[in-house]
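First comes the structure, then the notes that go with it.
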Amino acid sequence: MFKETNFPRPIQKLLGDSPAIGRLISKISNRYLFSFGLSQVFGAKTQPTEEDMYDFWCSYCIRQGYLNSADLLQYIKERSTYNLRWRYALAQSQVPVHVIYGPSDPVNPRPFIDFYREMVPNGSIDVLEESIGHYPQWEDSNTVSQLYIKFINSVLK
């Protein structure tokens, strides 16, 4: 969300820095490299099983979707290019803004929490258990669902 508190994984940098290099890396990627990289962003206690990883890989490969990784990761560069614009939009939003955050996220580590609160003064944030990482909707789906419903209900009042 914010370049100041975002630390892309090495593979994200490789894929996103140069579309040409990223496309080449995408073509030579395999399920094992994919699983290794993806597992690093989950919490230590919420790691996917091998079967889950296989399902993630299959989803990634549908219609050769893996070939789009380099293009999809261009948002990392865009985060710098449009930093002030995006910050202003979040800070001035008339639409309720809410984040459900996993504190074991290595891509957006703990400093994100205070930075978000400072940058989005009208926003709200729920911080989950310490063991939850980058994919809270998968790692703790029940809690995320409950918090999301609570947020939606607060907006509808």
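Letters A, B, ... go to the chains of the structure tokens in the order shown; residues in each chain start at 1; ligands are counted from 1 in the same order.
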Item checked: A:Pro96 environment, 8 Å, only C-alpha atoms, sequence neighbours closer than 4 positions dropped, as an NGL selection string -> :A and (122-123 or 155)
Output the selection as a PDB file, in the first residue's frame - all heavy atoms for each residue.
ATOM      1  N   ASN A 122      -8.812   8.835   8.852  1.00  0.00           N
ATOM      2  CA  ASN A 122     -10.219   8.436   8.967  1.00  0.00           C
ATOM      3  C   ASN A 122     -10.413   6.946   8.722  1.00  0.00           C
ATOM      4  O   ASN A 122     -11.542   6.458   8.757  1.00  0.00           O
ATOM      5  CB  ASN A 122     -11.086   9.243   8.003  1.00  0.00           C
ATOM      6  CG  ASN A 122     -11.073  10.713   8.356  1.00  0.00           C
ATOM      7  OD1 ASN A 122     -11.058  11.076   9.535  1.00  0.00           O
ATOM      8  ND2 ASN A 122     -11.036  11.561   7.346  1.00  0.00           N
ATOM      9  N   GLY A 123      -9.328   6.251   8.449  1.00  0.00           N
ATOM     10  CA  GLY A 123      -9.412   4.813   8.202  1.00  0.00           C
ATOM     11  C   GLY A 123      -9.436   4.038   9.500  1.00  0.00           C
ATOM     12  O   GLY A 123      -9.263   4.587  10.591  1.00  0.00           O
ATOM     13  N   VAL A 155     -20.631   0.481   8.484  1.00  0.00           N
ATOM     14  CA  VAL A 155     -20.802   1.400   7.360  1.00  0.00           C
ATOM     15  C   VAL A 155     -22.291   1.567   7.034  1.00  0.00           C
ATOM     16  O   VAL A 155     -22.742   2.663   6.692  1.00  0.00           O
ATOM     17  CB  VAL A 155     -20.034   0.892   6.108  1.00  0.00           C
ATOM     18  CG1 VAL A 155     -20.375   1.705   4.878  1.00  0.00           C
ATOM     19  CG2 VAL A 155     -18.536   0.926   6.363  1.00  0.00           C
TER      20      VAL A 155
END
Notebook entry, point to check: Per DSSP on the backbone, what are the helix (DSSP H, G or I) residues of stretch 1-104 of chain A, as an MDAnalysis selection string?
Noted result: chainID A and resid 3:5 10:17 19:28 31:39 50:72 75:81 83:92
Checklist line | Point-to-point distance from atom CA of A:Ser26 to atom CA of A:Trp57, Å rounded to tenths | finding: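 Between atom CA of A:Ser26 and atom CA of A:Trp57 the gap is 12.6 Å.
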Note to self: Just want the 9 Å neighbourhood of stretch 76-80 of chain A, counted on only C-alpha atoms, with same-chain residues fewer than 6 positions away dropped. Output as a list in words.
What the structure shows: Met1, Phe2, Lys3, Pro8, Gln12, Lys13, Gly16, Asp17 and Trp86 of chain A
Just-selected residues, N, CA, C and O atoms written as an mmCIF file, in the first residue's frame:
data_model
loop_
_atom_site.group_PDB
_atom_site.id
_atom_site.type_symbol
_atom_site.label_atom_id
_atom_site.label_comp_id
_atom_site.auth_asym_id
_atom_site.auth_seq_id
_atom_site.Cartn_x
_atom_site.Cartn_y
_atom_site.Cartn_z
ATOM 1 N N MET A 1 0.829 -1.187 0.000
ATOM 2 C CA MET A 1 0.000 0.000 0.000
ATOM 3 C C MET A 1 0.875 1.252 0.000
ATOM 4 O O MET A 1 0.632 2.161 -0.769
ATOM 5 N N PHE A 2 1.871 1.287 0.870
ATOM 6 C CA PHE A 2 2.762 2.447 0.963
ATOM 7 C C PHE A 2 4.190 2.017 0.690
ATOM 8 O O PHE A 2 4.669 1.057 1.287
ATOM 9 N N LYS A 3 4.876 2.755 -0.165
ATOM 10 C CA LYS A 3 6.248 2.371 -0.507
ATOM 11 C C LYS A 3 7.175 2.410 0.707
ATOM 12 O O LYS A 3 8.136 1.662 0.782
ATOM 13 N N PRO A 8 8.944 -5.683 -0.999
ATOM 14 C CA PRO A 8 8.661 -6.822 -1.887
ATOM 15 C C PRO A 8 9.690 -7.935 -1.711
ATOM 16 O O PRO A 8 10.867 -7.674 -1.429
ATOM 17 N N GLN A 12 9.516 -10.984 -6.316
ATOM 18 C CA GLN A 12 8.643 -9.908 -6.792
ATOM 19 C C GLN A 12 9.463 -8.819 -7.472
ATOM 20 O O GLN A 12 9.056 -8.278 -8.495
ATOM 21 N N LYS A 13 10.614 -8.506 -6.890
ATOM 22 C CA LYS A 13 11.485 -7.493 -7.490
ATOM 23 C C LYS A 13 11.992 -7.961 -8.848
ATOM 24 O O LYS A 13 11.983 -7.202 -9.820
ATOM 25 N N GLY A 16 9.118 -7.886 -11.324
ATOM 26 C CA GLY A 16 8.541 -6.573 -11.585
ATOM 27 C C GLY A 16 9.492 -5.509 -12.093
ATOM 28 O O GLY A 16 9.064 -4.546 -12.720
ATOM 29 N N ASP A 17 10.795 -5.652 -11.847
ATOM 30 C CA ASP A 17 11.736 -4.604 -12.233
ATOM 31 C C ASP A 17 11.850 -4.429 -13.734
ATOM 32 O O ASP A 17 11.968 -3.327 -14.242
ATOM 33 N N TRP A 86 -1.833 8.478 -4.539
ATOM 34 C CA TRP A 86 -2.543 7.410 -3.839
ATOM 35 C C TRP A 86 -2.704 7.734 -2.356
ATOM 36 O O TRP A 86 -3.756 7.475 -1.769
#
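In this model, the gap between atom CA of A:Ile28 and atom CA of A:Tyr75 comes to 22.2 Å.
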Note to self: For a quick check of understanding, using only C-alpha atoms, which of A:Gln74, A:Ser93, A:Ser39, A:Asn6 has the smallest distance to A:Asp52?
What the structure shows: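 Smallest distance to A:Asp52 is found for A:Ser39.
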Checklist line | Spatial neighbours of A:Asp140, max dist 9 Å, only C-alpha atoms, sep filter under 5 positions, as a ChimeraX atom specification | finding: /A:46,128,132,135,145
Checklist line | Nearest to A:Gln64, chosen from A:Val95, A:Glu139, A:Gly102, A:Ser29, with only C-alpha atoms counted in the distances | finding: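 The closest residue to A:Gln64 is A:Ser29.
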Check: Taking only C-alpha atoms into account, which of A:Ser124, A:Thr143, A:Ala20, A:Pro136 comes nearest A:Asp71?
Finding: A:Ala20
With the cut-off set at 10 Å and counting only C-alpha atoms, tabulate each residue of stretch 25-91 of chain A with an atom at most that distance from an atom of stretch 113-117 of chain A, showing the nearest atom pair and its distance in Å to one decimal, ordered by chain and increasing number, as a Markdown table.
| residue | atom | partner | partner_atom | distance |
| --- | --- | --- | --- | --- |
| A:Arg87 | CA | A:Tyr116 | CA | 9.8 |
| A:Leu90 | CA | A:Tyr116 | CA | 9.7 |
| A:Ala91 | CA | A:Tyr116 | CA | 9.6 |
Next item on the list: Give the strand (DSSP E) residues of stretch 61-157 of chain A, as assigned by DSSP on the backbone, as a list in words.
Entry: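 Restricting stretch 61-157 of chain A to strand (DSSP E) produces His98, Val99, Ile100, Tyr101, Ser124, Ile125, Asp126 and Val127 of chain A.
The smallest atom-to-atom distance between A:Gln47 and any of A:Lys157, A:Arg110, A:Lys150, A:His134, using only C-alpha atoms, is found for A:His134.
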Next item on the list: Write out as a PyMOL selection string the residues lying within 12 Å of stretch 58-62 of chain A, counting only C-alpha atoms and excluding same-chain residues fewer than 6 positions away.
Entry: chain A and resi 26-27+29-31+34-35+38+51-52+68-69
If you keep C-alpha atoms, can you produce a file of those selected residues as a compact mmCIF listing (two decimals), in the first residue's frame?
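In the end it all went to again00.txt:
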# COMPACT_ATOMS: atom_id res chain seq x y z
CA SER A 26 7.87 -16.61 -15.41
CA LYS A 27 8.47 -19.01 -18.28
CA SER A 29 9.24 -21.00 -13.09
CA ASN A 30 7.95 -24.25 -11.66
CA ARG A 31 5.70 -25.42 -8.87
CA PHE A 34 6.55 -20.94 -6.72
CA SER A 35 5.76 -22.82 -3.48
CA LEU A 38 4.83 -18.10 -1.66
CA GLU A 51 -1.96 -29.88 -1.30
CA ASP A 52 -2.86 -26.21 -0.76
CA ASN A 68 1.34 -12.34 -16.63
CA SER A 69 3.30 -12.10 -13.36
